[in-house]
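Visitor: Quick one, start.txt (compact mmCIF, C-alpha atoms):
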# COMPACT_ATOMS: atom_id res chain seq x y z
CA MET A 1 35.06 148.43 174.62
CA THR A 2 33.05 145.27 175.21
CA SER A 3 29.29 145.80 175.38
CA THR A 4 27.33 144.31 178.27
CA ARG A 5 23.94 144.94 176.66
CA PRO A 6 23.24 141.26 175.76
CA SER A 7 23.96 140.14 179.34
CA PHE A 8 21.76 142.90 180.73
CA ARG A 9 18.92 141.84 178.45
CA SER A 10 19.38 138.23 179.55
CA ALA A 11 19.04 139.22 183.21
CA LEU A 12 15.95 141.28 182.40
CA MET A 13 14.38 138.36 180.60
CA LEU A 14 15.12 136.10 183.58
CA ALA A 15 13.36 138.47 185.96
CA ILE A 16 10.36 138.69 183.63
CA LEU A 17 10.17 134.90 183.31
CA VAL A 18 10.59 134.32 187.04
CA LEU A 19 7.99 136.89 188.07
CA PRO A 20 4.95 135.03 186.70
CA SER A 21 6.01 131.85 188.46
CA ALA A 22 6.09 133.78 191.74
CA THR A 23 2.76 135.52 191.23
CA GLN A 24 0.53 132.78 189.85
CA SER A 25 -1.01 129.83 191.61
CA ILE A 26 -2.70 126.60 190.65
CA ALA A 27 -4.88 124.51 192.92
CA GLY A 28 -3.23 123.39 196.11
CA PRO A 29 -1.30 124.90 199.04
CA LEU A 30 -0.75 128.66 199.13
CA PRO A 31 0.99 130.37 202.09
CA PHE A 32 -0.69 133.31 203.78
CA VAL A 33 -0.29 135.87 206.55
CA GLY A 34 -3.15 137.76 208.12
CA THR A 35 -5.16 138.83 211.15
CA LEU A 36 -8.21 137.71 213.09
CA SER A 37 -9.86 140.76 214.65
CA VAL A 38 -12.86 141.28 216.91
CA ARG A 39 -14.37 144.78 217.24
CA ALA A 40 -16.97 145.48 219.94
CA THR A 41 -18.74 148.82 220.38
CA VAL A 42 -19.62 149.27 224.05
CA ASN A 43 -21.21 152.52 225.31
CA GLY A 44 -19.98 154.25 222.17
CA SER A 45 -16.38 153.08 222.59
CA ASP A 46 -14.75 150.75 220.06
CA VAL A 47 -12.69 147.91 221.50
CA THR A 48 -10.65 146.29 218.71
CA LEU A 49 -8.53 143.22 219.41
CA SER A 50 -6.40 141.50 216.76
CA LEU A 51 -4.44 138.26 216.57
CA PRO A 52 -1.79 137.85 213.84
CA GLY A 53 -1.58 134.54 212.05
CA SER A 54 0.00 132.61 209.21
CA GLY A 55 -0.16 129.23 207.56
CA THR A 56 -0.84 127.45 204.30
CA ALA A 57 -4.33 127.40 202.83
CA ILE A 58 -5.73 124.91 200.34
CA VAL A 59 -6.92 127.03 197.44
CA ASN A 60 -9.57 126.02 194.89
CA GLY A 61 -9.72 122.37 196.00
CA SER A 62 -9.28 120.24 192.88
CA GLY A 63 -9.75 123.22 190.57
CA SER A 64 -7.12 125.55 189.16
CA GLY A 65 -6.51 129.09 187.98
CA VAL A 66 -5.99 132.44 189.65
CA GLN A 67 -9.68 133.10 190.41
CA LEU A 68 -10.40 132.29 194.05
CA THR A 69 -13.41 129.98 194.34
CA SER A 70 -12.81 127.98 197.54
CA LEU A 71 -10.45 127.96 200.50
CA GLU A 72 -9.58 125.71 203.44
CA VAL A 73 -7.73 126.99 206.52
CA GLY A 74 -6.22 124.74 209.19
CA ALA A 75 -6.88 124.97 212.91
CA SER A 76 -4.85 127.33 215.13
CA ALA A 77 -3.54 129.46 212.25
CA PHE A 78 -4.68 132.36 214.46
CA ALA A 79 -4.17 131.71 218.16
CA GLY A 80 -3.02 133.63 221.21
CA MET A 81 -3.91 136.61 223.35
CA ALA A 82 -4.32 140.28 222.49
CA SER A 83 -5.17 143.24 224.73
CA VAL A 84 -5.83 146.94 224.35
CA VAL A 85 -5.99 149.91 226.73
CA LEU A 86 -8.44 152.68 225.90
CA PRO A 87 -7.99 156.40 226.70
CA ALA A 88 -9.72 158.12 229.62
CA THR A 89 -12.38 159.49 227.28
CA SER A 90 -13.72 155.94 226.83
CA TYR A 91 -14.82 155.68 230.48
CA PRO A 92 -16.19 153.38 231.85
CA VAL A 93 -14.76 151.07 229.16
CA LYS A 94 -11.02 151.00 229.81
CA GLY A 95 -9.82 148.16 227.60
CA GLY A 96 -10.28 144.65 226.36
CA ARG A 97 -8.62 141.28 226.11
CA LEU A 98 -9.02 138.51 223.55
CA THR A 99 -7.91 134.93 224.12
CA ALA A 100 -8.86 132.85 221.12
CA SER A 101 -7.94 130.38 218.41
CA ASN A 102 -9.61 129.29 215.20
CA ARG A 103 -10.80 125.82 214.29
CA ALA A 104 -10.42 124.47 210.75
CA GLY A 105 -12.49 126.44 208.25
CA ALA A 106 -13.86 125.94 204.75
CA PHE A 107 -15.18 128.68 202.47
CA GLU A 108 -16.98 128.40 199.11
CA SER A 109 -18.26 130.66 196.30
CA LEU A 110 -15.64 133.32 197.06
CA ALA A 111 -15.46 134.68 193.50
CA GLY A 112 -18.03 136.88 191.87
CA GLY A 113 -19.60 138.93 194.62
CA PRO A 114 -20.79 139.02 198.24
CA SER A 115 -22.43 135.58 198.38
CA GLY A 116 -19.33 133.63 199.40
CA GLY A 117 -18.39 132.40 202.83
CA GLY A 118 -18.48 129.41 205.14
CA VAL A 119 -17.82 128.10 208.62
CA MET A 120 -14.65 128.59 210.68
CA PRO A 121 -15.43 128.44 214.42
CA VAL A 122 -13.53 130.70 216.82
CA HIS A 123 -13.00 129.38 220.36
CA GLY A 124 -12.11 131.40 223.43
CA TRP A 125 -13.14 134.54 225.29
CA MET A 126 -13.43 138.28 224.72
CA LYS A 127 -13.28 140.37 227.88
CA ILE A 128 -14.48 143.98 228.09
CA CYS A 129 -12.75 145.70 231.03
CA LEU A 130 -14.71 148.36 232.96
CA PHE A 131 -13.52 151.11 235.33
CA GLY A 132 -9.91 149.98 234.93
CA ALA A 133 -7.52 148.45 232.43
CA CYS A 134 -7.20 144.68 232.14
CA PRO A 135 -6.43 142.77 234.29
CA GLU A 136 -7.00 145.27 237.13
CA ALA A 137 -10.52 146.14 235.98
CA VAL A 138 -13.16 146.68 238.68
CA ALA A 139 -15.68 144.77 236.54
CA ASN A 140 -15.57 142.71 233.38
CA ILE A 141 -17.99 141.59 230.72
CA SER A 142 -16.70 138.18 229.66
CA VAL A 143 -18.09 137.03 226.31
CA PRO A 144 -17.65 133.33 225.42
CA LEU A 145 -16.91 133.00 221.72
CA GLY A 146 -17.14 129.20 221.56
CA GLY A 147 -15.48 125.98 222.56
CA LEU A 148 -16.89 125.78 226.08
CA THR A 149 -19.07 122.68 225.96
CA TYR A 150 -20.29 122.93 229.55
CA LEU A 151 -21.78 126.35 228.76
CA GLY A 152 -23.61 125.41 225.59
CA PRO A 153 -22.88 124.68 221.92
CA LEU A 154 -19.25 124.05 221.05
CA ASP A 155 -19.14 126.33 218.01
CA VAL A 156 -20.75 129.79 218.14
CA VAL A 157 -18.76 132.63 216.56
CA GLY A 158 -18.04 131.91 212.91
CA ALA A 159 -20.43 128.95 212.92
CA GLY A 160 -23.97 130.12 213.59
CA ASN A 161 -25.07 128.80 216.99
CA ALA A 162 -26.20 130.60 220.15
CA ASN A 163 -24.83 130.47 223.68
CA VAL A 164 -26.44 131.64 226.92
CA VAL A 165 -24.31 132.02 230.06
CA SER A 166 -24.89 133.50 233.48
CA PHE A 167 -22.04 134.33 235.88
CA GLY A 168 -23.54 137.29 237.70
CA VAL A 169 -24.09 138.91 234.29
CA HIS A 170 -26.56 137.17 232.01
CA LEU A 171 -25.17 136.98 228.46
CA THR A 172 -26.59 135.74 225.18
CA VAL A 173 -24.12 135.31 222.31
CA ILE A 174 -25.35 134.49 218.80
CA GLY A 175 -22.86 133.67 216.05
CA ALA A 176 -23.11 133.33 212.27
CA PRO A 177 -21.02 131.92 209.40
CA TRP A 178 -18.39 134.07 207.69
CA THR A 179 -19.22 136.02 204.54
CA THR A 180 -17.49 138.08 201.85
CA GLY A 181 -20.52 140.38 201.89
CA THR A 182 -21.44 143.18 204.29
CA VAL A 183 -22.80 142.76 207.82
CA SER A 184 -24.38 145.47 209.98
CA LEU A 185 -25.32 145.49 213.66
CA SER A 186 -26.77 148.60 215.32
CA GLY A 187 -24.71 150.95 213.18
CA ALA A 188 -21.53 148.85 213.22
CA THR A 189 -20.54 147.59 209.76
CA GLY A 190 -18.06 145.05 208.46
CA MET A 191 -17.24 144.41 204.81
CA GLY A 192 -15.71 141.38 203.14
CA PHE A 193 -14.04 141.09 199.74
CA ALA A 194 -11.69 139.04 197.59
CA HIS A 195 -9.25 140.67 195.17
CA GLY A 196 -5.92 140.01 193.56
CA PRO A 197 -2.93 142.24 192.84
CA ALA A 198 -3.97 145.72 191.68
CA SER A 199 -7.39 145.05 193.30
CA GLN A 200 -8.60 142.86 190.44
CA THR A 201 -11.50 140.75 191.70
CA SER A 202 -10.84 137.80 189.39
CA SER A 203 -7.27 136.98 190.43
CA ALA A 204 -7.19 136.57 194.22
CA ALA A 205 -5.85 132.98 194.22
CA GLN A 206 -2.21 133.96 193.85
CA PRO A 207 0.53 135.72 195.79
CA GLY A 208 -0.55 139.31 196.30
CA GLY A 209 -4.20 138.32 196.53
CA THR A 210 -6.28 139.23 199.58
CA LEU A 211 -9.39 137.66 201.09
CA GLN A 212 -11.43 139.33 203.82
CA LEU A 213 -14.41 137.70 205.53
CA VAL A 214 -16.64 139.09 208.27
CA THR A 215 -19.13 137.63 210.73
CA PRO A 216 -21.58 139.35 213.10
CA ILE A 217 -21.65 138.52 216.81
CA ARG A 218 -24.86 139.48 218.60
CA VAL A 219 -24.20 140.06 222.30
CA SER A 220 -26.97 141.00 224.74
CA THR A 221 -26.75 141.39 228.51
CA ASN A 222 -28.90 142.10 231.54
CA ILE A 223 -26.81 145.19 232.35
CA GLY A 224 -29.10 148.22 232.29
CA ALA A 225 -26.53 150.60 230.80
CA THR A 226 -25.32 148.04 228.26
CA PRO A 227 -28.26 145.86 227.21
CA ALA A 228 -26.52 144.93 223.96
CA PHE A 229 -23.40 145.84 222.04
CA PRO A 230 -22.64 145.14 218.37
CA THR A 231 -19.58 143.01 217.73
CA ILE A 232 -18.05 142.07 214.38
CA ALA A 233 -15.17 139.68 213.70
CA THR A 234 -12.95 140.11 210.64
CA LEU A 235 -10.64 137.53 209.07
CA THR A 236 -8.07 138.88 206.60
CA LEU A 237 -5.70 136.65 204.60
CA GLN A 238 -2.98 137.91 202.26
CA PHE A 239 -1.40 135.27 200.07
CA VAL A 240 2.38 135.33 199.78
CA PRO A 241 4.87 133.53 197.49
CA GLU A 242 6.28 130.19 198.51
CA PRO A 243 9.87 130.40 199.86
CA GLY A 244 11.31 128.75 196.73
CA SER A 245 9.65 131.33 194.48
CA TRP A 246 11.04 134.18 196.58
CA ILE A 247 14.55 132.74 196.35
CA LEU A 248 14.32 132.34 192.58
CA LEU A 249 12.83 135.78 192.09
CA SER A 250 15.37 137.42 194.42
CA GLY A 251 18.23 135.72 192.56
CA GLY A 252 17.00 137.08 189.24
CA ILE A 253 16.60 140.60 190.63
CA VAL A 254 20.07 140.53 192.24
CA TRP A 255 21.60 139.34 188.98
CA LEU A 256 19.81 142.11 187.11
CA ALA A 257 21.11 144.69 189.59
CA VAL A 258 24.71 143.42 189.35
CA ILE A 259 24.69 143.41 185.55
CA GLY A 260 23.15 146.88 185.53
CA ALA A 261 25.82 148.19 187.88
CA LYS A 262 28.61 146.74 185.73
CA ARG A 263 27.03 148.27 182.65
CA GLY A 264 26.97 151.68 184.31
CA THR A 265 30.74 151.58 184.96
CA ARG A 266 31.66 150.96 181.34
With the file now loaded, output its structure as structure tokens.

Guide:
Amino acid sequence: MTSTRPSFRSALMLAILVLPSATQSIAGPLPFVGTLSVRATVNGSDVTLSLPGSGTAIVNGSGSGVQLTSLEVGASAFAGMASVVLPATSYPVKGGRLTASNRAGAFESLAGGPSGGGVMPVHGWMKICLFGACPEAVANISVPLGGLTYLGPLDVVGAGNANVVSFGVHLTVIGAPWTTGTVSLSGATGMGFAHGPASQTSSAAQPGGTLQLVTPIRVSTNIGATPAFPTIATLTLQFVPEPGSWILLSGGIVWLAVIGAKRGTR
């Protein structure tokens, strides 16, 4: 009987050799998927709205290695509309709607603790729907996130400016840069982090790595029952292998499976 052990070992070695190439990154483009979320707490009810996104980030600038130190994200990686309907117990808040997109962002000092972050403006609106679900709500609290030049500064959320608007309801919106640290507003908390596969903090700049940044949004109104409500935005990126790496890795795994199956029949 002819042994298939050498061929099986060869396939195993291929998978082992291919795996590092699919899970390590040097400086340059690295694909990602993720979400841009905004969570507002109004009258004790949480309204969470999330936009999915994807793209290719520039990791570590001109540096190298698997430790994440800097990141650049292109505009409109997260763009669209999201809505949510809340249960009856959340009365008078019945839902929310987010229409937004990100501008290009750049983040520094992401490795080694909570001091990292940077600017990535978010443009659009967040709408809190009262006494009825969107868009049939009896009343709305419309919060401008940024990008409306005729209402004030262009960049607010994710940048650090303030905006004051008055359309029946007087609103003040104050933004801030993004951070990998922790932000707190009136009991609402958001936490950022950067970690690689197996949650190792020194290897986030590779497929399997995750970066989360948060930014506080201070919203105050002239509504007696809702003078202010804490709002926190969260940006989460998960780095994924490039398509070529997936093809190579999948080929090695399929070959390993085929050889193993043949070995089991002998």

Visitor: Which of these, A:Leu49, A:Ala139, A:Ala106, A:Met120, has the shortest distance to Ala82 in chain A once you count all atoms listed in the file?

Guide: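 Of A:Leu49, A:Ala139, A:Ala106, A:Met120, the one nearest Ala82 in chain A, counting all atoms listed in the file, is A:Leu49.
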
Visitor: With all atoms listed in the file as the basis for distance, which of A:Gly61, A:Lys127, A:Gly105, A:Asn43 is at the shortest distance from Ser83 in chain A?

Guide: A:Lys127

Visitor: Kindly give the distance, in Å, that separates CA of Thr201 in chain A and CA of Pro216 in chain A, rounded to a single decimal.

Guide: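 Rounded to one decimal, the two atoms are 23.7 Å apart.
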
Visitor: Considering only C-alpha atoms, state which residue in the set A:Pro241, A:Gly116, A:Gly34, A:Gly74 is at the smallest distance from Thr182 in chain A.

Guide: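 Residue with the minimum atom-to-atom distance to Thr182 in chain A: A:Gly116.
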
Visitor: Would you kindly return, as a list of chain:residue names, each protein, DNA or RNA residue with an atom no farther than 10 Å from any atom of Ala111 in chain A, considering only C-alpha atoms and excluding same-chain residues fewer than 2 positions away?

Guide: A:Gln67, A:Leu68, A:Thr69, A:Ser70, A:Glu108, A:Ser109, A:Gly113, A:Pro114, A:Ser115, A:Gly116, A:Thr180, A:Phe193, A:Ala194, A:His195, A:Thr201, A:Ser202, A:Ser203, A:Ala204, A:Ala205

Visitor: Choose the residue, out of A:Asn102, A:Thr231, A:Thr172, A:Thr215, that has the smallest atom-to-atom separation from Ser45 in chain A; count only C-alpha atoms.

Guide: A:Thr231

Visitor: What is the CA of Gly175 in chain A to CA of Phe78 in chain A distance in Å?

Guide: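 Result for CA of Gly175 in chain A versus CA of Phe78 in chain A: 18.3 Å, one decimal.
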
Visitor: Could you tell me how far CA of Thr210 in chain A lies from CA of Gly160 in chain A, in Å and to one decimal?

Guide: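 For CA of Thr210 in chain A relative to CA of Gly160 in chain A, the distance reads 24.3 Å.
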
Visitor: If you count only C-alpha atoms, which residues fall within 12 Å of Arg218 in chain A, apart from same-chain ones fewer than 5 positions away, as an MDAnalysis selection string?

Guide: chainID A and resid 39:41 143:145 156:158 160:164 171:176 183:186 188 227:233

Visitor: Please write the residues from the selection above to a file, keeping C-alpha atoms, as a PDB file, in the frame of the given file.

Guide:
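Result went into result_5.pdb, see below:
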ATOM      1  CA  ARG A  39     -14.370 144.780 217.240  1.00  0.00           C
ATOM      2  CA  ALA A  40     -16.970 145.480 219.940  1.00  0.00           C
ATOM      3  CA  THR A  41     -18.740 148.820 220.380  1.00  0.00           C
ATOM      4  CA  VAL A 143     -18.090 137.030 226.310  1.00  0.00           C
ATOM      5  CA  PRO A 144     -17.650 133.330 225.420  1.00  0.00           C
ATOM      6  CA  LEU A 145     -16.910 133.000 221.720  1.00  0.00           C
ATOM      7  CA  VAL A 156     -20.750 129.790 218.140  1.00  0.00           C
ATOM      8  CA  VAL A 157     -18.760 132.630 216.560  1.00  0.00           C
ATOM      9  CA  GLY A 158     -18.040 131.910 212.910  1.00  0.00           C
ATOM     10  CA  GLY A 160     -23.970 130.120 213.590  1.00  0.00           C
ATOM     11  CA  ASN A 161     -25.070 128.800 216.990  1.00  0.00           C
ATOM     12  CA  ALA A 162     -26.200 130.600 220.150  1.00  0.00           C
ATOM     13  CA  ASN A 163     -24.830 130.470 223.680  1.00  0.00           C
ATOM     14  CA  VAL A 164     -26.440 131.640 226.920  1.00  0.00           C
ATOM     15  CA  LEU A 171     -25.170 136.980 228.460  1.00  0.00           C
ATOM     16  CA  THR A 172     -26.590 135.740 225.180  1.00  0.00           C
ATOM     17  CA  VAL A 173     -24.120 135.310 222.310  1.00  0.00           C
ATOM     18  CA  ILE A 174     -25.350 134.490 218.800  1.00  0.00           C
ATOM     19  CA  GLY A 175     -22.860 133.670 216.050  1.00  0.00           C
ATOM     20  CA  ALA A 176     -23.110 133.330 212.270  1.00  0.00           C
ATOM     21  CA  VAL A 183     -22.800 142.760 207.820  1.00  0.00           C
ATOM     22  CA  SER A 184     -24.380 145.470 209.980  1.00  0.00           C
ATOM     23  CA  LEU A 185     -25.320 145.490 213.660  1.00  0.00           C
ATOM     24  CA  SER A 186     -26.770 148.600 215.320  1.00  0.00           C
ATOM     25  CA  ALA A 188     -21.530 148.850 213.220  1.00  0.00           C
ATOM     26  CA  PRO A 227     -28.260 145.860 227.210  1.00  0.00           C
ATOM     27  CA  ALA A 228     -26.520 144.930 223.960  1.00  0.00           C
ATOM     28  CA  PHE A 229     -23.400 145.840 222.040  1.00  0.00           C
ATOM     29  CA  PRO A 230     -22.640 145.140 218.370  1.00  0.00           C
ATOM     30  CA  THR A 231     -19.580 143.010 217.730  1.00  0.00           C
ATOM     31  CA  ILE A 232     -18.050 142.070 214.380  1.00  0.00           C
ATOM     32  CA  ALA A 233     -15.170 139.680 213.700  1.00  0.00           C
TER      33      ALA A 233
END

Visitor: Counting all atoms listed in the file, which of A:Gly63, A:Gly44, A:Gly196, A:Gly117 gets nearest to Ser90 in chain A?

Guide: A:Gly44

Visitor: Please put the answer as JSON: centre and edge lengths, in Å with one decimal, of a box along x, y and z that encloses all listed atoms of range 108-125 of chain A plus 8 Å on each side.

Guide:
{"center_x": -17.3, "center_y": 133.6, "center_z": 208.6, "size_x": 26.3, "size_y": 26.9, "size_z": 49.4}

Visitor: Regenerate range 199-217 of chain A at the level of N, CA and C atoms and dump it as an mmCIF file, keeping the file's coordinate frame.

Guide:
data_model
loop_
_atom_site.group_PDB
_atom_site.id
_atom_site.type_symbol
_atom_site.label_atom_id
_atom_site.label_comp_id
_atom_site.auth_asym_id
_atom_site.auth_seq_id
_atom_site.Cartn_x
_atom_site.Cartn_y
_atom_site.Cartn_z
ATOM 1 N N SER A 199 -5.975 145.060 192.932
ATOM 2 C CA SER A 199 -7.390 145.050 193.300
ATOM 3 C C SER A 199 -8.297 144.406 192.266
ATOM 4 N N GLN A 200 -7.763 143.562 191.408
ATOM 5 C CA GLN A 200 -8.600 142.860 190.440
ATOM 6 C C GLN A 200 -9.351 141.733 191.148
ATOM 7 N N THR A 201 -10.674 141.698 190.964
ATOM 8 C CA THR A 201 -11.500 140.750 191.700
ATOM 9 C C THR A 201 -11.427 139.330 191.169
ATOM 10 N N SER A 202 -10.846 139.127 190.000
ATOM 11 C CA SER A 202 -10.840 137.800 189.390
ATOM 12 C C SER A 202 -9.508 137.071 189.525
ATOM 13 N N SER A 203 -8.595 137.584 190.370
ATOM 14 C CA SER A 203 -7.270 136.980 190.430
ATOM 15 C C SER A 203 -6.742 136.899 191.867
ATOM 16 N N ALA A 204 -7.605 136.578 192.817
ATOM 17 C CA ALA A 204 -7.190 136.570 194.220
ATOM 18 C C ALA A 204 -6.406 135.334 194.610
ATOM 19 N N ALA A 205 -6.497 134.240 193.835
ATOM 20 C CA ALA A 205 -5.850 132.980 194.220
ATOM 21 C C ALA A 205 -4.405 132.922 193.776
ATOM 22 N N GLN A 206 -3.619 133.901 194.196
ATOM 23 C CA GLN A 206 -2.210 133.960 193.850
ATOM 24 C C GLN A 206 -1.510 134.877 194.836
ATOM 25 N N PRO A 207 -0.186 134.797 194.928
ATOM 26 C CA PRO A 207 0.530 135.720 195.790
ATOM 27 C C PRO A 207 0.179 137.163 195.461
ATOM 28 N N GLY A 208 -0.089 137.944 196.484
ATOM 29 C CA GLY A 208 -0.550 139.310 196.300
ATOM 30 C C GLY A 208 -2.059 139.432 196.405
ATOM 31 N N GLY A 209 -2.754 138.306 196.367
ATOM 32 C CA GLY A 209 -4.200 138.320 196.530
ATOM 33 C C GLY A 209 -4.592 138.460 197.989
ATOM 34 N N THR A 210 -5.787 139.008 198.234
ATOM 35 C CA THR A 210 -6.280 139.230 199.580
ATOM 36 C C THR A 210 -7.722 138.774 199.698
ATOM 37 N N LEU A 211 -8.021 138.088 200.782
ATOM 38 C CA LEU A 211 -9.390 137.660 201.090
ATOM 39 C C LEU A 211 -9.757 138.213 202.456
ATOM 40 N N GLN A 212 -10.932 138.849 202.534
ATOM 41 C CA GLN A 212 -11.430 139.330 203.820
ATOM 42 C C GLN A 212 -12.861 138.829 204.017
ATOM 43 N N LEU A 213 -13.097 138.182 205.161
ATOM 44 C CA LEU A 213 -14.410 137.700 205.530
ATOM 45 C C LEU A 213 -14.822 138.329 206.851
ATOM 46 N N VAL A 214 -16.123 138.499 207.043
ATOM 47 C CA VAL A 214 -16.640 139.090 208.270
ATOM 48 C C VAL A 214 -17.771 138.228 208.814
ATOM 49 N N THR A 215 -18.002 138.339 210.115
ATOM 50 C CA THR A 215 -19.130 137.630 210.730
ATOM 51 C C THR A 215 -19.673 138.463 211.888
ATOM 52 N N PRO A 216 -20.995 138.595 211.994
ATOM 53 C CA PRO A 216 -21.580 139.350 213.100
ATOM 54 C C PRO A 216 -21.671 138.513 214.370
ATOM 55 N N ILE A 217 -21.506 139.172 215.512
ATOM 56 C CA ILE A 217 -21.650 138.520 216.810
ATOM 57 C C ILE A 217 -22.656 139.337 217.619
#
